[in-house]
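> Sharing final04.txt here; it has compact mmCIF, C-alpha atoms.
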# COMPACT_ATOMS: atom_id res chain seq x y z
CA MET G 799 154.03 194.42 323.06
CA SER G 800 154.56 198.12 322.46
CA SER G 801 156.72 199.18 319.54
CA GLY G 802 157.66 202.50 321.11
CA LYS G 803 156.38 204.24 317.98
CA PRO G 804 153.83 207.05 318.25
CA ILE G 805 150.41 205.68 317.35
CA VAL G 806 147.43 208.01 317.56
CA ARG G 807 143.91 206.64 317.68
CA GLN G 808 141.07 209.11 317.44
CA ILE G 809 137.73 207.51 318.10
CA ALA G 810 134.38 208.75 316.86
CA TRP G 811 132.27 207.32 319.67
CA ILE G 812 129.04 208.09 317.81
CA SER G 813 130.01 205.51 315.16
CA LEU G 814 129.68 202.78 317.77
CA ILE G 815 125.92 203.32 317.96
CA PRO G 816 125.10 201.84 314.50
CA GLN G 817 127.41 198.92 315.26
CA LEU G 818 125.57 198.16 318.49
CA ILE G 819 122.21 198.54 316.75
CA ILE G 820 123.27 196.01 314.11
CA MET G 821 124.35 193.60 316.85
CA LEU G 822 121.05 193.98 318.69
CA ILE G 823 119.03 193.49 315.51
CA LEU G 824 120.96 190.32 314.69
CA ILE G 825 120.54 188.91 318.20
CA ILE G 826 116.85 189.79 318.46
CA THR G 827 116.12 188.38 315.00
CA ALA G 828 118.03 185.17 315.74
CA SER G 829 116.22 184.85 319.08
CA MET G 830 112.86 185.21 317.39
CA ILE G 831 113.70 182.69 314.66
CA PHE G 832 115.75 180.10 316.56
CA GLY G 833 114.79 180.73 320.19
CA PRO G 834 116.57 182.69 322.93
CA SER G 835 118.98 179.92 323.95
CA SER G 836 119.94 178.78 320.45
CA PRO G 837 123.62 178.22 319.66
CA VAL G 838 123.00 180.29 316.52
CA ILE G 839 123.03 183.38 318.73
CA ASP G 840 126.47 182.44 320.05
CA ILE G 841 127.70 182.01 316.49
CA ILE G 842 126.27 185.40 315.49
CA ILE G 843 127.97 187.08 318.45
CA LEU G 844 131.27 185.37 317.62
CA LEU G 845 131.04 186.42 313.97
CA TYR G 846 130.08 189.94 315.00
CA PHE G 847 133.28 190.26 317.01
CA LEU G 848 135.45 188.51 314.40
CA TYR G 849 134.16 190.60 311.49
CA PRO G 850 136.25 193.73 312.24
CA PHE G 851 139.46 191.71 312.37
CA ILE G 852 138.68 189.76 309.21
CA SER G 853 137.48 192.80 307.24
CA ARG G 854 140.53 194.86 308.19
CA LYS G 855 142.84 191.97 307.29
CA LEU G 856 141.20 191.62 303.88
CA ILE G 857 139.98 195.09 302.94
CA ALA G 858 142.48 197.28 304.78
CA ARG G 859 145.40 194.87 304.39
CA ASN G 860 147.79 197.49 302.97
CA HIS G 861 147.07 199.77 305.90
CA GLN G 862 147.64 196.90 308.35
CA ASN G 863 150.87 195.91 306.57
CA GLY G 864 152.01 199.53 306.67
CA ILE G 865 151.41 199.72 310.41
CA LYS G 866 153.42 196.52 311.00
CA LEU G 867 156.31 197.82 308.89
CA PHE G 868 156.10 201.21 310.60
CA LYS G 869 156.28 199.58 314.04
CA SER G 870 159.32 197.55 313.00
CA GLY G 871 161.09 200.68 311.74
CA SER G 872 160.90 199.69 308.05
CA TYR G 873 159.71 203.12 307.03
CA ALA G 874 160.52 202.93 303.29
CA GLN G 875 158.51 199.72 302.91
CA ALA G 876 155.73 201.18 305.07
CA ILE G 877 155.46 204.15 302.70
CA ASN G 878 154.79 201.75 299.83
CA GLU G 879 152.00 200.01 301.77
CA PHE G 880 150.42 203.29 302.86
CA GLU G 881 150.50 204.53 299.25
CA LYS G 882 148.66 201.35 298.21
CA SER G 883 146.17 201.91 301.02
CA TYR G 884 145.61 205.51 299.91
CA ALA G 885 145.05 204.35 296.31
CA PHE G 886 142.61 201.64 297.41
CA PHE G 887 140.50 203.97 299.55
CA THR G 888 140.57 206.60 296.82
CA ARG G 889 139.13 204.05 294.37
CA HIS G 890 136.64 202.73 296.93
CA GLN G 891 135.62 205.91 298.73
CA TRP G 892 132.35 204.46 299.95
CA ILE G 893 134.24 201.92 302.10
CA ASP G 894 136.20 204.74 303.73
CA LYS G 895 133.13 206.93 304.12
CA TYR G 896 131.11 204.13 305.71
CA ARG G 897 134.07 202.50 307.52
CA PHE G 898 132.02 202.39 310.73
CA ILE G 899 129.88 199.70 309.03
CA ALA G 900 132.14 198.29 306.28
CA LEU G 901 135.10 197.74 308.62
CA PHE G 902 133.51 198.36 312.02
CA SER G 903 136.12 201.09 312.41
CA ALA G 904 135.32 203.77 314.96
CA SER G 905 138.15 205.96 313.72
CA LYS G 906 137.47 209.67 313.67
CA ILE G 907 139.70 210.14 310.63
CA SER G 908 139.44 208.36 307.29
CA TYR G 909 141.84 205.73 306.03
CA LYS G 910 142.87 208.14 303.26
CA GLU G 911 143.84 210.78 305.80
CA MET G 912 145.61 208.16 307.93
CA ALA G 913 147.55 206.97 304.88
CA LEU G 914 148.74 210.46 303.99
CA LEU G 915 149.71 211.24 307.58
CA ASN G 916 151.57 207.94 307.90
CA ILE G 917 153.40 208.47 304.61
CA ALA G 918 154.46 211.94 305.73
CA PHE G 919 155.61 210.65 309.12
CA CYS G 920 157.59 207.81 307.52
CA TYR G 921 159.32 210.27 305.20
CA SER G 922 160.27 212.36 308.21
CA GLN G 923 161.73 209.28 309.91
CA ILE G 924 163.97 208.47 306.94
CA GLY G 925 165.19 212.08 306.84
CA ASN G 926 163.27 213.31 303.82
CA GLY G 927 161.74 216.44 305.30
CA SER G 928 160.69 217.92 301.97
CA LYS G 929 158.61 214.83 301.07
CA ALA G 930 157.18 214.78 304.60
CA LYS G 931 156.16 218.42 304.24
CA GLU G 932 154.68 217.71 300.79
CA TYR G 933 152.48 214.92 302.18
CA TYR G 934 151.39 216.93 305.22
CA GLN G 935 150.41 219.76 302.86
CA LYS G 936 148.55 217.31 300.62
CA THR G 937 146.74 216.08 303.72
CA LEU G 938 145.66 219.64 304.53
CA GLN G 939 144.51 220.22 300.95
CA LEU G 940 142.21 217.20 301.15
CA PHE G 941 141.41 217.41 304.88
CA PRO G 942 141.67 221.08 305.92
CA ASP G 943 140.70 220.32 309.53
CA SER G 944 143.50 217.78 310.06
CA GLU G 945 145.04 218.87 313.34
CA MET G 946 147.73 216.22 313.05
CA ALA G 947 148.91 217.62 309.70
CA LYS G 948 148.79 221.19 311.03
CA SER G 949 150.82 220.23 314.11
CA ALA G 950 153.37 218.32 312.07
CA LEU G 951 153.86 221.23 309.69
CA ARG G 952 154.34 223.57 312.65
CA MET G 953 157.07 221.23 313.92
CA LEU G 954 158.70 221.05 310.50
CA ASN G 955 158.57 224.87 310.16
CA PRO G 956 159.26 226.12 313.69
CA LEU G 957 160.43 229.55 312.57
CA GLN G 958 157.45 230.38 310.36
Could I get this file's structure written as structure tokens?


Amino acid sequence: MSSGKPIVRQIAWISLIPQLIIMLILIITASMIFGPSSPVIDIIILLYFLYPFISRKLIARNHQNGIKLFKSGSYAQAINEFEKSYAFFTRHQWIDKYRFIALFSASKISYKEMALLNIAFCYSQIGNGSKAKEYYQKTLQLFPDSEMAKSALRMLNPLQ
């Protein structure tokens, strides 16, 4: 069911290659050890496809909670979850950097950048344009190539 809220997904297709290589290595190894028709292979394939959901539920739980709150229109609560997500991925930068393996996330932008953009957007939705602008500017300080932050700032400052 669509929430009617703007959700942008930018995919880094190249990040799918290591994921597919890992899957192939697991299947080939299991086939060599247990035989090509072993039920172990089915279990490996099932776990391979479940892993992204489980890892995002556990590791990126604040981000997921923020998205749910955002979709329901609970922007103030979503800000809190996105701030927690930003703090987590700041403390654990390696997870964000290697999200294509750690979370099987093919996102082109990092969870830190997503958190800042989402915080800014939520502030704009509750009518706090100055905080929205502050977070979009913070996004650009940390991620100078963020087209989403640049576009949002242009919308917030149409006369500049």

> Report the centre and edge lengths, in Å to one decimal, of an axis-aligned box enclosing every atom of stretch 893-903 of chain G listed in the file, padded by 5 Å on each side, as AutoDock Vina command-line options.


--center_x 133.0 --center_y 202.3 --center_z 307.3 --size_x 16.3 --size_y 19.2 --size_z 20.3

> Ranking G:Arg897, G:Lys866, G:Lys931, G:Lys910 by minimum distance to G:Ser853 and counting all atoms listed in the file, which one comes first?

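Residue with the minimum atom-to-atom distance to G:Ser853: G:Arg897.
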
> To one decimal place in Å, what is the distance between atom CA of G:Leu954 and atom CA of G:Cys920?

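Separation of atom CA of G:Leu954 and atom CA of G:Cys920: 13.6 Å.
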
> Just the number, please: distance in Å from atom CA of G:Met821 to atom CA of G:Ile839, one decimal.

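Answer for the atom CA of G:Met821 to atom CA of G:Ile839 separation: 10.5 Å.
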
> What's the 12 Å shell around G:Trp892, counting all atoms listed in the file, without same-chain residues fewer than 4 positions away, as a list in words?

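Contacts, in chain order: Phe886, Phe887, Thr888, Tyr896, Arg897, Phe898, Ile899, Ala900, Leu901, Ser908, Tyr909 and Lys910 of chain G.
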
> How would the residues just chosen look if you wrote them out with C-alpha atoms as a compact mmCIF listing (two decimals), keeping the file's coordinate frame?


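Printed below is part-v7.txt as written:
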# COMPACT_ATOMS: atom_id res chain seq x y z
CA PHE G 886 142.61 201.64 297.41
CA PHE G 887 140.50 203.97 299.55
CA THR G 888 140.57 206.60 296.82
CA TYR G 896 131.11 204.13 305.71
CA ARG G 897 134.07 202.50 307.52
CA PHE G 898 132.02 202.39 310.73
CA ILE G 899 129.88 199.70 309.03
CA ALA G 900 132.14 198.29 306.28
CA LEU G 901 135.10 197.74 308.62
CA SER G 908 139.44 208.36 307.29
CA TYR G 909 141.84 205.73 306.03
CA LYS G 910 142.87 208.14 303.26

> Using only C-alpha atoms, which protein or nucleic acid residues come within 12 Å of stretch 948-951 of chain G? Drop anything in the same chain fewer than 4 positions from it, and give the result as a list in words.

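After dropping sequence-adjacent residues, the list is Leu915, Asn916, Ala918, Phe919, Ser922, Gly927, Ser928, Lys929, Ala930, Lys931, Glu932, Tyr933, Tyr934, Gln935, Lys936, Thr937, Leu938, Gln939, Phe941, Pro942, Asp943, Ser944, Asn955, Pro956, Leu957 and Gln958 of chain G.
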
> With distances taken over all atoms listed in the file, which residue among G:Met953, G:Ile825, G:Ile865, G:Ala876 lies nearest G:Leu844?

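Counting all atoms listed in the file, the residue closest to G:Leu844 is G:Ile825.
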
> Around (147.6, 193.2, 305.0) in the file's own coordinates, what residues are found within 12 Å if you use only C-alpha atoms, given back as number ranges by chain?

G: 851-867, 876, 879-880, 882-883

> Between atom CA of G:Ile893 and atom CA of G:Asn878, what is the distance in Å, rounded to a tenth?

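Separation of atom CA of G:Ile893 and atom CA of G:Asn878: 20.7 Å.
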
> So which one's closest to G:Gln875, G:Phe847, G:Met830, G:Ile841, G:Tyr921? Using all atoms listed in the file, please.

G:Tyr921

> For G:Ser905, which of G:Ile812, G:Ile924, G:Phe832, G:Gly871 is the closest residue, counting only C-alpha atoms?

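Checking each of G:Ile812, G:Ile924, G:Phe832, G:Gly871 against G:Ser905, counting only C-alpha atoms, the winner is G:Ile812.
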
> Compile the contact shell of G:Leu824 as a list of chain:residue names: residues with an atom at most 9 Å away, counting all atoms listed in the file, same-chain residues fewer than 3 positions apart removed.

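Listed by chain and then number, they are G:Ile819, G:Ile820, G:Met821, G:Thr827, G:Ala828, G:Ser829, G:Ile839, G:Ile842, G:Ile843.
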
> My list of candidates is G:Ala874, G:Gln817, G:Asp840, G:Lys895. Which is closest to G:Gln923 when distances are computed with only C-alpha atoms?

G:Ala874

> From the list G:Phe868, G:Ile823, G:Leu814, G:Pro837, which residue is nearest G:Ile917 when using all atoms listed in the file?

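Counting all atoms listed in the file, the residue closest to G:Ile917 is G:Phe868.
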